[in-house]
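Student: As input, take work.txt (compact mmCIF, C-alpha atoms):
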```
# COMPACT_ATOMS: atom_id res chain seq x y z
CA MET A 1 -16.91 19.77 -15.86
CA LYS A 2 -13.24 18.98 -16.47
CA HIS A 3 -11.99 15.46 -17.25
CA ARG A 4 -15.52 14.11 -17.36
CA GLU A 5 -14.35 11.15 -19.44
CA ASP A 6 -11.86 10.10 -16.74
CA ILE A 7 -14.01 10.35 -13.61
CA ALA A 8 -14.99 6.68 -13.63
CA ALA A 9 -11.37 5.65 -14.20
CA ARG A 10 -10.27 7.92 -11.34
CA ALA A 11 -12.87 6.36 -9.03
CA LEU A 12 -11.61 2.89 -9.99
CA ASP A 13 -7.91 3.91 -9.61
CA ALA A 14 -7.48 3.08 -13.29
CA LEU A 15 -5.50 6.21 -14.16
CA ALA A 16 -1.73 5.96 -14.58
CA ALA A 17 0.32 8.23 -12.32
CA ASP A 18 0.67 11.07 -14.83
CA GLU A 19 -3.02 10.97 -15.75
CA ARG A 20 -3.98 10.96 -12.09
CA ARG A 21 -1.78 13.94 -11.33
CA ARG A 22 -3.31 15.93 -14.15
CA PHE A 23 -6.82 14.92 -13.13
CA ASP A 24 -6.27 15.86 -9.48
CA ALA A 25 -4.67 19.20 -10.35
CA GLU A 26 -7.37 20.26 -12.78
CA ALA A 27 -10.59 18.75 -11.38
CA ASP A 28 -13.27 21.34 -10.65
CA GLU A 29 -16.05 21.16 -8.06
CA ALA A 30 -18.52 19.46 -10.41
CA THR A 31 -15.92 16.84 -11.31
CA LEU A 32 -15.12 16.20 -7.66
CA ALA A 33 -18.79 15.87 -6.80
CA GLU A 34 -19.28 13.26 -9.48
CA LEU A 35 -16.07 11.53 -8.43
CA SER A 36 -17.37 11.22 -4.89
CA ASP A 37 -20.59 9.75 -6.25
CA MET A 38 -18.74 7.24 -8.45
CA ARG A 39 -16.59 6.24 -5.51
CA GLU A 40 -19.70 5.21 -3.62
CA THR A 41 -20.62 2.97 -6.53
CA ALA A 42 -17.10 1.57 -6.74
CA ALA A 43 -17.14 0.88 -2.99
CA ALA A 44 -20.25 -1.27 -3.43
CA LEU A 45 -18.13 -3.61 -5.57
CA ALA A 46 -16.20 -4.53 -2.44
CA ASP A 47 -19.36 -6.07 -0.99
CA ALA A 48 -19.10 -8.86 -3.53
CA VAL A 49 -15.64 -9.93 -2.41
CA ALA A 50 -15.86 -9.37 1.36
CA ILE A 51 -13.91 -11.87 3.44
CA ALA A 52 -13.54 -11.68 7.21
CA PRO A 53 -9.89 -11.04 8.06
CA PRO A 54 -8.15 -13.27 10.61
CA ALA A 55 -8.75 -12.37 14.24
CA GLU A 56 -5.01 -11.87 14.87
CA LEU A 57 -5.04 -9.06 12.34
CA ARG A 58 -7.60 -7.19 14.40
CA ALA A 59 -5.37 -7.58 17.46
CA ARG A 60 -2.30 -6.38 15.54
CA ILE A 61 -4.11 -3.37 14.16
CA PHE A 62 -5.53 -2.36 17.52
CA GLU A 63 -2.12 -2.74 19.11
CA GLN A 64 -0.61 -0.48 16.49
CA VAL A 65 -3.41 2.04 16.74
CA ALA A 66 -2.90 2.16 20.50
CA ALA A 67 0.71 3.22 19.85
CA THR A 68 -0.08 5.64 17.04
CA GLU A 69 -0.75 9.36 17.36
CA GLN A 70 -3.44 10.86 15.21
CA LEU A 71 -2.46 13.58 12.81
CA THR A 72 -3.72 17.12 13.07
CA ALA A 73 -5.17 18.78 9.99
CA GLU A 74 -1.88 20.69 9.54
CA GLU A 75 0.16 17.49 9.69
CA ILE A 76 -2.11 15.81 7.16
CA ALA A 77 -1.65 18.78 4.85
CA ALA A 78 2.12 18.63 5.37
CA GLU A 79 2.17 14.94 4.60
CA ALA A 80 0.20 15.57 1.43
CA ARG A 81 3.03 17.75 0.09
CA PRO A 82 5.53 14.93 -0.44
CA ALA A 83 2.68 13.17 -2.21
CA VAL A 84 3.19 15.51 -5.15
CA ALA A 85 6.82 14.47 -5.43
CA ALA A 86 5.76 10.87 -5.04
CA VAL A 87 3.32 11.07 -7.92
CA GLU A 88 6.03 12.58 -10.10
CA SER A 89 8.44 9.89 -9.08
CA SER A 90 6.10 7.10 -9.98
CA ASP A 91 6.20 8.50 -13.51
CA ALA A 92 9.89 7.81 -13.53
CA VAL A 93 9.23 4.29 -12.40
CA ASP A 94 6.44 3.84 -14.94
CA ALA A 95 8.81 4.95 -17.67
CA GLU A 96 11.32 2.45 -16.42
CA VAL A 97 8.71 -0.28 -16.46
CA ASP A 98 7.78 0.55 -20.03
CA ASP A 99 11.41 0.44 -21.06
CA ASP A 100 12.34 -3.00 -19.89
CA ARG A 101 9.67 -4.43 -17.60
CA GLU A 102 12.40 -5.35 -15.14
CA PRO A 103 12.73 -2.69 -12.47
CA ALA A 104 13.38 -5.26 -9.76
CA LEU A 105 13.12 -3.30 -6.56
CA VAL A 106 13.91 -6.22 -4.35
CA GLY A 107 14.65 -9.87 -4.71
CA GLY A 108 17.36 -12.18 -5.94
CA GLY A 109 17.14 -11.04 -9.52
CA SER A 110 17.89 -7.41 -8.84
CA THR A 111 20.84 -5.77 -10.49
CA VAL A 112 23.40 -3.23 -9.36
CA VAL A 113 21.79 0.07 -10.16
CA GLY A 114 23.22 3.28 -11.51
CA PRO A 115 22.73 6.58 -9.71
CA ARG A 116 19.96 7.75 -11.98
CA GLU A 117 17.99 4.59 -11.60
CA LEU A 118 18.62 4.58 -7.89
CA ALA A 119 17.38 8.14 -7.70
CA ALA A 120 14.18 7.07 -9.40
CA ARG A 121 13.79 4.16 -7.01
CA ARG A 122 14.54 6.34 -4.05
CA ARG A 123 11.77 8.71 -5.00
CA TRP A 124 9.49 5.79 -5.64
CA PHE A 125 10.02 4.60 -2.11
CA GLN A 126 9.49 8.09 -0.73
CA ARG A 127 5.78 7.74 -0.71
CA PRO A 128 3.35 8.93 1.87
CA GLY A 129 2.10 6.10 3.95
CA SER A 130 1.41 5.20 7.51
CA LEU A 131 4.88 6.24 8.49
CA LEU A 132 4.37 6.71 12.18
CA GLY A 133 2.22 3.63 12.17
CA ALA A 134 4.88 1.64 10.38
CA ALA A 135 7.47 2.87 12.88
CA ALA A 136 5.25 1.70 15.68
CA ALA A 137 4.96 -1.65 13.93
CA ALA A 138 8.74 -1.81 13.74
CA VAL A 139 8.88 -1.28 17.49
CA VAL A 140 6.51 -4.18 17.95
CA LEU A 141 8.65 -6.19 15.55
CA LEU A 142 11.77 -5.31 17.50
CA VAL A 143 10.51 -6.28 20.88
CA GLY A 144 8.74 -9.33 19.55
CA GLY A 145 5.76 -8.90 21.80
CA ILE A 146 7.67 -8.58 25.08
CA GLY A 147 6.30 -5.12 25.69
CA ILE A 148 7.16 -1.74 24.35
CA GLY A 149 8.95 -0.60 27.49
CA GLN A 150 11.69 -3.10 26.79
CA ALA A 151 12.39 -1.64 23.37
CA ILE A 152 14.63 0.82 25.17
CA ARG A 153 17.00 -2.03 25.98
CA THR A 154 17.68 -2.76 22.33
CA PRO A 155 21.02 -1.47 20.94
CA ASP A 156 21.33 2.27 21.47
CA PRO A 157 21.36 3.53 17.89
CA VAL A 158 18.23 1.51 17.19
CA SER A 159 16.50 2.70 20.32
CA ALA A 160 17.33 6.29 19.42
CA LEU A 161 16.02 5.69 15.94
CA VAL A 162 12.75 4.25 17.10
CA HIS A 163 12.17 7.35 19.16
CA ALA A 164 13.37 9.85 16.54
CA ALA A 165 10.72 12.38 15.63
CA ASP A 166 11.31 11.86 11.92
CA VAL A 167 11.73 8.09 11.87
CA ARG A 168 10.46 6.46 8.68
CA THR A 169 10.24 2.84 7.67
CA GLN A 170 10.02 0.69 4.57
CA THR A 171 9.33 -3.01 4.44
CA ALA A 172 10.17 -5.48 1.70
CA SER A 173 10.31 -9.22 1.14
CA LEU A 174 13.55 -10.95 0.24
CA ALA A 175 13.84 -13.87 -2.13
CA ASP A 176 14.28 -16.28 0.81
CA GLY A 177 10.87 -15.24 2.12
CA SER A 178 12.22 -13.15 4.99
CA ARG A 179 10.94 -9.66 5.68
CA ALA A 180 13.22 -6.65 5.92
CA THR A 181 12.14 -3.42 7.59
CA LEU A 182 14.41 -0.44 7.14
CA MET A 183 14.06 2.35 9.70
CA TRP A 184 15.86 5.61 9.20
CA SER A 185 16.04 9.16 10.46
CA ASP A 186 17.51 11.87 8.25
CA GLU A 187 17.86 14.14 11.27
CA GLN A 188 20.00 11.61 13.12
CA GLY A 189 21.70 10.23 10.02
CA GLU A 190 20.98 6.75 11.36
CA ALA A 191 19.45 3.71 9.73
CA ALA A 192 18.81 0.15 10.86
CA PHE A 193 17.43 -3.02 9.38
CA VAL A 194 15.16 -5.41 11.21
CA PHE A 195 14.90 -8.79 9.50
CA GLU A 196 12.46 -11.55 10.28
CA GLY A 197 13.56 -15.06 9.34
CA LEU A 198 16.75 -14.10 7.52
CA SER A 199 18.45 -17.26 6.16
CA GLN A 200 21.72 -18.48 7.65
CA LEU A 201 24.65 -18.23 5.25
CA GLU A 202 27.62 -20.53 4.70
CA ALA A 203 30.26 -20.26 7.43
CA ASP A 204 32.58 -18.16 5.23
CA GLU A 205 29.91 -15.68 4.16
CA VAL A 206 28.30 -12.64 5.77
CA TYR A 207 25.55 -10.22 4.91
CA GLN A 208 26.86 -6.73 4.29
CA ALA A 209 24.89 -3.49 4.31
CA TRP A 210 25.74 -0.56 2.05
CA PHE A 211 24.86 3.08 1.78
CA MET A 212 24.18 3.88 -1.86
CA PRO A 213 24.78 7.58 -2.49
CA ALA A 214 23.07 8.91 -5.61
CA ASP A 215 26.39 10.14 -6.98
CA GLY A 216 29.11 7.79 -5.78
CA ASP A 217 30.20 4.26 -5.05
CA PRO A 218 28.49 2.14 -2.39
CA ILE A 219 29.83 2.76 1.13
CA PRO A 220 30.23 -0.25 3.46
CA ALA A 221 27.82 -0.12 6.42
CA GLY A 222 28.75 -3.21 8.41
CA THR A 223 28.30 -6.97 8.23
CA PHE A 224 25.95 -9.27 10.09
CA ALA A 225 24.69 -12.85 10.19
CA GLY A 226 21.28 -14.34 9.49
CA GLY A 227 19.26 -16.04 12.18
CA ASP A 228 15.90 -17.20 13.39
CA GLY A 229 13.55 -14.62 14.80
CA SER A 230 14.53 -10.95 14.56
CA VAL A 231 17.94 -9.87 13.32
CA VAL A 232 18.68 -6.20 13.95
CA HIS A 233 21.53 -4.45 12.16
CA ALA A 234 22.19 -0.77 12.80
CA LEU A 235 24.06 0.56 9.77
CA ASP A 236 27.63 1.70 10.53
CA GLY A 237 28.37 5.21 9.38
CA THR A 238 26.14 8.14 8.59
CA LEU A 239 23.11 8.12 6.36
CA ASP A 240 23.06 11.19 4.15
CA GLU A 241 19.63 12.38 3.22
CA GLY A 242 18.46 10.54 0.11
CA ASP A 243 21.01 7.72 0.23
CA GLY A 244 19.79 4.34 -0.89
CA VAL A 245 20.72 1.26 1.09
CA ALA A 246 21.44 -2.23 -0.11
CA ILE A 247 22.28 -5.69 1.21
CA THR A 248 24.69 -8.13 -0.44
CA VAL A 249 26.28 -11.44 0.53
CA GLU A 250 30.06 -11.05 0.89
CA PRO A 251 33.01 -13.20 1.94
CA GLU A 252 33.66 -13.35 5.67
CA GLY A 253 35.04 -10.02 6.91
CA GLY A 254 33.12 -8.03 4.35
CA SER A 255 34.22 -6.23 1.18
CA GLU A 256 35.29 -2.74 0.18
CA GLN A 257 32.82 -2.77 -2.69
CA PRO A 258 29.93 -5.17 -3.39
CA THR A 259 31.06 -8.37 -5.10
CA THR A 260 27.59 -9.90 -5.57
CA GLN A 261 24.23 -8.73 -6.82
CA PRO A 262 22.22 -7.04 -4.08
CA LEU A 263 19.52 -9.06 -2.37
CA LEU A 264 17.72 -5.85 -1.62
CA VAL A 265 17.88 -2.19 -2.63
CA MET A 266 15.78 0.38 -0.83
CA GLY A 267 15.54 4.12 -1.04
CA THR A 268 15.25 6.49 1.91
CA MET B 1 -31.05 -3.39 10.62
CA THR B 2 -31.05 -1.92 7.14
CA PRO B 3 -27.74 -1.34 5.41
CA THR B 4 -28.52 2.37 5.20
CA ARG B 5 -29.00 2.75 8.89
CA ARG B 6 -25.91 0.73 9.60
CA ALA B 7 -23.90 2.88 7.20
CA THR B 8 -25.00 6.03 9.00
CA GLU B 9 -23.94 4.57 12.32
CA VAL B 10 -20.52 3.84 10.88
CA ASP B 11 -20.29 7.39 9.51
CA ASP B 12 -21.03 8.71 13.00
CA ALA B 13 -18.45 6.39 14.52
CA LEU B 14 -15.81 7.55 12.05
CA VAL B 15 -16.50 11.16 12.96
CA ARG B 16 -15.88 10.21 16.60
CA VAL B 17 -12.66 8.43 15.63
CA ALA B 18 -11.37 11.80 14.44
CA GLY B 19 -11.66 12.91 18.07
CA GLY B 20 -9.50 10.02 19.28
CA ASP B 21 -12.34 7.67 20.27
CA ARG B 22 -10.91 4.13 20.25
CA GLU B 23 -14.26 2.46 20.92
CA ALA B 24 -15.61 4.17 17.83
CA PHE B 25 -12.59 2.87 15.94
CA ALA B 26 -13.60 -0.65 16.94
CA ILE B 27 -17.10 -0.05 15.53
CA VAL B 28 -15.59 1.19 12.26
CA TYR B 29 -13.18 -1.74 12.10
CA ASP B 30 -15.84 -4.34 12.72
CA ALA B 31 -18.17 -2.81 10.16
CA LEU B 32 -15.60 -2.40 7.39
CA SER B 33 -12.84 -4.94 7.90
CA ALA B 34 -14.38 -7.75 5.81
CA ARG B 35 -14.87 -5.42 2.87
CA VAL B 36 -11.44 -3.80 3.19
CA PHE B 37 -9.63 -7.12 3.61
CA GLY B 38 -11.65 -8.89 0.91
CA LEU B 39 -11.05 -6.08 -1.57
CA VAL B 40 -7.34 -5.82 -0.85
CA LEU B 41 -7.01 -9.60 -1.04
CA ARG B 42 -8.85 -9.69 -4.35
CA VAL B 43 -6.48 -7.10 -5.82
CA LEU B 44 -3.25 -8.48 -4.33
CA VAL B 45 -4.13 -12.21 -4.21
CA ASP B 46 -1.28 -12.81 -1.75
CA ARG B 47 -2.69 -13.24 1.73
CA SER B 48 0.21 -11.96 3.76
CA GLN B 49 0.53 -8.84 1.63
CA ALA B 50 -3.22 -8.34 1.90
CA GLU B 51 -2.99 -8.46 5.70
CA GLU B 52 -0.14 -5.97 5.64
CA VAL B 53 -1.99 -3.53 3.40
CA THR B 54 -5.20 -3.94 5.42
CA GLN B 55 -3.23 -3.00 8.52
CA GLU B 56 -1.83 0.08 6.75
CA VAL B 57 -5.31 1.06 5.64
CA PHE B 58 -6.82 0.93 9.12
CA VAL B 59 -3.88 2.63 10.80
CA ASP B 60 -4.12 5.36 8.18
CA MET B 61 -7.84 5.66 8.81
CA TRP B 62 -7.05 6.19 12.47
CA ARG B 63 -4.32 8.73 11.77
CA LYS B 64 -6.20 10.67 9.13
CA ALA B 65 -9.76 10.34 10.38
CA GLN B 66 -9.96 14.15 10.33
CA THR B 67 -10.04 14.10 6.55
CA PHE B 68 -13.35 12.22 6.55
CA ASP B 69 -16.17 14.64 5.86
CA PRO B 70 -19.62 13.02 6.07
CA ALA B 71 -21.02 15.82 3.92
CA ARG B 72 -18.87 14.65 1.02
CA GLY B 73 -19.56 10.93 1.10
CA SER B 74 -20.00 7.85 3.27
CA SER B 75 -17.45 6.25 5.56
CA VAL B 76 -17.66 3.13 3.39
CA GLY B 77 -16.80 5.11 0.25
CA TRP B 78 -13.97 6.92 2.04
CA ALA B 79 -12.46 3.78 3.55
CA LEU B 80 -12.70 1.64 0.44
CA ALA B 81 -11.23 4.38 -1.77
CA LEU B 82 -8.26 4.43 0.62
CA ALA B 83 -8.05 0.64 0.67
CA HIS B 84 -8.30 0.30 -3.09
CA SER B 85 -5.67 2.93 -3.83
CA LYS B 86 -3.22 1.36 -1.38
CA ALA B 87 -3.80 -2.09 -2.83
CA VAL B 88 -3.31 -0.78 -6.35
CA ASP B 89 -0.15 1.12 -5.37
CA ARG B 90 1.22 -2.08 -3.94
CA VAL B 91 0.32 -4.24 -6.91
CA ARG B 92 1.83 -1.77 -9.35
CA SER B 93 5.19 -2.10 -7.67
CA SER B 94 6.86 -4.65 -9.88
CA GLN B 95 7.78 -7.28 -7.33
CA ALA B 96 4.30 -7.56 -5.94
CA GLN B 97 2.91 -7.77 -9.43
CA ARG B 98 5.26 -10.54 -10.44
CA ASP B 99 4.49 -12.51 -7.31
CA ARG B 100 0.86 -12.15 -8.00
CA ASP B 101 0.99 -13.03 -11.66
CA GLU B 102 2.89 -16.16 -10.74
CA ARG B 103 0.27 -17.11 -8.23
CA ILE B 104 -2.75 -16.73 -10.40
CA GLY B 105 -1.38 -17.01 -13.88
CA ILE B 106 -2.86 -13.63 -14.70
CA ARG B 107 -5.49 -11.37 -13.40
CA ASP B 108 -8.75 -12.51 -14.76
CA SER B 109 -9.86 -14.74 -11.96
CA VAL B 110 -12.99 -12.68 -12.03
CA ALA B 111 -15.94 -14.91 -11.33
CA PRO B 112 -17.42 -16.63 -9.51
CA PHE B 113 -17.00 -14.55 -6.41
CA ASP B 114 -16.63 -16.52 -3.27
CA VAL B 115 -18.03 -14.71 -0.32
CA VAL B 116 -16.80 -16.04 2.98
CA SER B 117 -17.93 -13.18 5.12
CA GLU B 118 -19.24 -13.69 8.61
CA ALA B 119 -21.47 -10.67 8.38
CA ALA B 120 -24.86 -11.54 7.01
CA ASP B 121 -25.63 -8.03 5.84
CA VAL B 122 -22.42 -7.98 3.80
CA LYS B 123 -23.46 -11.28 2.23
CA VAL B 124 -26.80 -9.82 1.27
CA GLU B 125 -25.13 -6.74 -0.16
CA GLY B 126 -22.69 -8.94 -2.05
CA ALA B 127 -25.54 -10.77 -3.73
CA ARG B 128 -27.08 -7.45 -4.65
CA VAL B 129 -23.84 -6.27 -6.26
CA ARG B 130 -23.41 -9.49 -8.21
CA GLU B 131 -26.96 -9.15 -9.49
CA ALA B 132 -26.29 -5.56 -10.47
CA LEU B 133 -23.07 -6.54 -12.26
CA ALA B 134 -25.00 -9.25 -14.10
CA THR B 135 -27.30 -6.62 -15.61
CA LEU B 136 -24.37 -4.92 -17.38
CA THR B 137 -23.20 -5.83 -20.86
CA GLU B 138 -20.19 -8.13 -20.96
CA ALA B 139 -18.00 -5.28 -22.29
CA HIS B 140 -18.97 -2.95 -19.44
CA ARG B 141 -18.59 -5.59 -16.77
CA GLU B 142 -15.22 -6.75 -18.09
CA ALA B 143 -13.76 -3.22 -18.09
CA ILE B 144 -14.94 -2.52 -14.54
CA VAL B 145 -13.78 -5.87 -13.20
CA LEU B 146 -10.32 -5.55 -14.76
CA ALA B 147 -9.96 -2.06 -13.31
CA TYR B 148 -11.38 -2.55 -9.83
CA TYR B 149 -10.60 -6.15 -8.94
CA GLY B 150 -7.65 -6.48 -11.32
CA GLY B 151 -5.96 -3.18 -10.48
CA LEU B 152 -5.21 -2.44 -14.13
CA THR B 153 -4.95 1.06 -15.56
CA GLN B 154 -7.25 2.02 -18.40
CA THR B 155 -4.25 1.91 -20.74
CA GLU B 156 -3.43 -1.63 -19.63
CA ILE B 157 -7.06 -2.63 -20.13
CA ALA B 158 -6.98 -1.21 -23.64
CA GLU B 159 -3.81 -3.18 -24.44
CA ARG B 160 -5.15 -6.33 -22.91
CA LEU B 161 -8.45 -6.19 -24.78
CA ASP B 162 -6.83 -4.81 -27.92
CA THR B 163 -9.37 -2.00 -27.83
CA PRO B 164 -8.81 1.76 -28.32
CA LEU B 165 -8.26 3.70 -25.09
CA GLY B 166 -11.20 5.96 -25.85
CA THR B 167 -13.48 2.94 -26.00
CA VAL B 168 -12.23 1.71 -22.64
CA LYS B 169 -12.87 5.12 -21.07
CA THR B 170 -16.40 5.07 -22.44
CA ARG B 171 -16.99 1.53 -21.19
CA LEU B 172 -15.75 2.38 -17.71
CA ARG B 173 -17.87 5.49 -17.55
CA ASP B 174 -21.06 4.04 -19.03
CA GLY B 175 -20.58 0.84 -17.07
CA MET B 176 -20.27 2.71 -13.78
CA ILE B 177 -23.31 4.84 -14.55
CA ARG B 178 -25.34 1.72 -15.29
CA LEU B 179 -24.01 -0.04 -12.23
CA ARG B 180 -24.97 2.94 -10.10
CA ALA B 181 -28.48 2.81 -11.53
CA ALA B 182 -28.73 -0.95 -10.99
CA LEU B 183 -27.60 -0.58 -7.39
CA GLY B 184 -29.84 2.37 -6.74
CA VAL B 185 -26.92 4.26 -5.17
CA SER B 186 -27.99 7.87 -5.17
```
Could you render the structure as structure tokens?
Tutor:
Amino acid sequence: MKHREDIAARALDALAADERRRFDAEADEATLAELSDMRETAAALADAVAIAPPAELRARIFEQVAATEQLTAEEIAAEARPAVAAVESSDAVDAEVDDDREPALVGGGSTVVGPRELAARRRWFQRPGSLLGAAAAAVVLLVGGIGIGQAIRTPDPVSALVHAADVRTQTASLADGSRATLMWSDEQGEAAFVFEGLSQLEADEVYQAWFMPADGDPIPAGTFAGGDGSVVHALDGTLDEGDGVAITVEPEGGSEQPTTQPLLVMGT
Amino acid sequence: MTPTRRATEVDDALVRVAGGDREAFAIVYDALSARVFGLVLRVLVDRSQAEEVTQEVFVDMWRKAQTFDPARGSSVGWALALAHSKAVDRVRSSQAQRDRDERIGIRDSVAPFDVVSEAADVKVEGARVREALATLTEAHREAIVLAYYGGLTQTEIAERLDTPLGTVKTRLRDGMIRLRAALGVS
């Protein structure tokens, strides 16, 4: 039995990314059988902390499930492939964490990042998840409950994005408490932000979006204002595969290059 | 209704979910949501993040129901492994972790457990788990609690307790074996 000493830690998700990768790659049948057994024991621990979720959550989940296609076995296998890259990438992030404990992914304290660091963050964000599901959630977010049919009436690039076969999304919180969802399609080279509750700025300030290529300066991607409810900003220009995106606050009219620390940096 | 019988019914429902059965999905949701949400909330502390991750977990269960194989384990084990790994992924992203540390000071809000579940059978099971945990030595219980409810890696546990990593591995392993025995999970 390989990695016998780590089976309990694996069942409790207590392995670091590199340890987990090694464990998963090398585990034999006997190890996996015991892992499955330990997972049943670990699952029992959830009984002690069970709390009924709010009823609205059930409604939200069922709404999203209604709009979400199930994956075939082949698609699940295909989605598992990027998972390998994702595990590797979290090593990079772990290393970064060990170095300085300050890898601010989002939030007011984040710093302008170099290409290497951005590359690490980009890979970090490129994790398998409920991508189609998240895209469906973004549709719901966009239409604000008025019905999915009306999503088609949103600005064209966004509508095209929502329906792109390869649309992916990421969500993050900003320091002002608002939520930002980035949707993008590498095939279409399009990206858009949907904000919820984005703060209003001073009259002479705007938000500005940026493409962050791994090997070049930030590229302006349009300005926009905050506002109550949903704010949608389709990024101007073309998203190249792997570009990061960022948001800064700039003087009215926008800037050629960022003049403030980003509020948000996300990878695609 | 015994927990065992209920668990089997949920396993059957999850198998039907793989075939696109939305009514079966409702059965699975209603049986597991308190445990999934409670666990994710315990790990993340932040309620809105916990709701978000719970939503991801259930949507993923719907999308990937095909990967559930009742011959390899129960639906509860499958679902909670998914829920726990997503919660831990989230908490290990630095922002979430900072938010959380600010909220609770640090992660050892371990006991007492407050169970606010509607489902009586989950309450009963919760009491059983707390009793089982109480039979462990303090060292075993502490390691398991820091890992599972705290979302720490074994290396972080070793640093936190100022204990060699090898000792932590042994505590996790022995602790889980004893917990399994105390619970009578076969």
Student: Find the residues of chain A in contact range of chain B, meaning any atom within 8 Å when counting all atoms listed in the file, and list them as a ChimeraX atom specification.
Tutor: /A:5-9,11-16,33,36-53,57,60-61,64-65,68-73,76,102-107,129-130,133-134
Student: Rounded to one decimal place, report the atom CA of B:Arg178-atom CA of B:Ala134 distance in Å.
Tutor: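 One can read the atom CA of B:Arg178 to atom CA of B:Ala134 distance as 11.0 Å.
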Student: Rank nothing, just name the residue among B:His140, B:Leu44, B:Arg90, B:Pro70 nearest to B:Leu14, using only C-alpha atoms.
Tutor: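 Closest candidate: B:Pro70.
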Student: For atom CA of A:Glu63 and atom CA of B:Asp21, determine how far apart the two atoms are, in Å to one decimal place.
Tutor: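 Atom CA of B:Asp21 lies 14.6 Å from atom CA of A:Glu63.
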Student: Around (28.3, -21.2, 10.6) in the file's own coordinates, what residues are found within 12 Å if you use all atoms listed in the file, given back as a ChimeraX atom specification?
Tutor: /A:199-206,225-227,252
Student: Would you work out the distance separating atom CA of A:Gly237 from atom CA of A:Ser173, expressed in Å to one decimal?
Tutor: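 Answer for the atom CA of A:Gly237 to atom CA of A:Ser173 separation: 24.5 Å.
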Student: Choose the residue, out of A:Ala17, A:Ala25, A:Ala30, A:Val167, that has the smallest atom-to-atom separation from A:Arg4; count all atoms listed in the file.
Tutor: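 Selected residue with least distance to A:Arg4: A:Ala30.
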Student: From the list A:Asp24, A:Gly222, A:Gly267, A:Val232, which residue is nearest A:Ala172 when using all atoms listed in the file?
Tutor: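 Distance minimum relative to A:Ala172 lands on A:Gly267.
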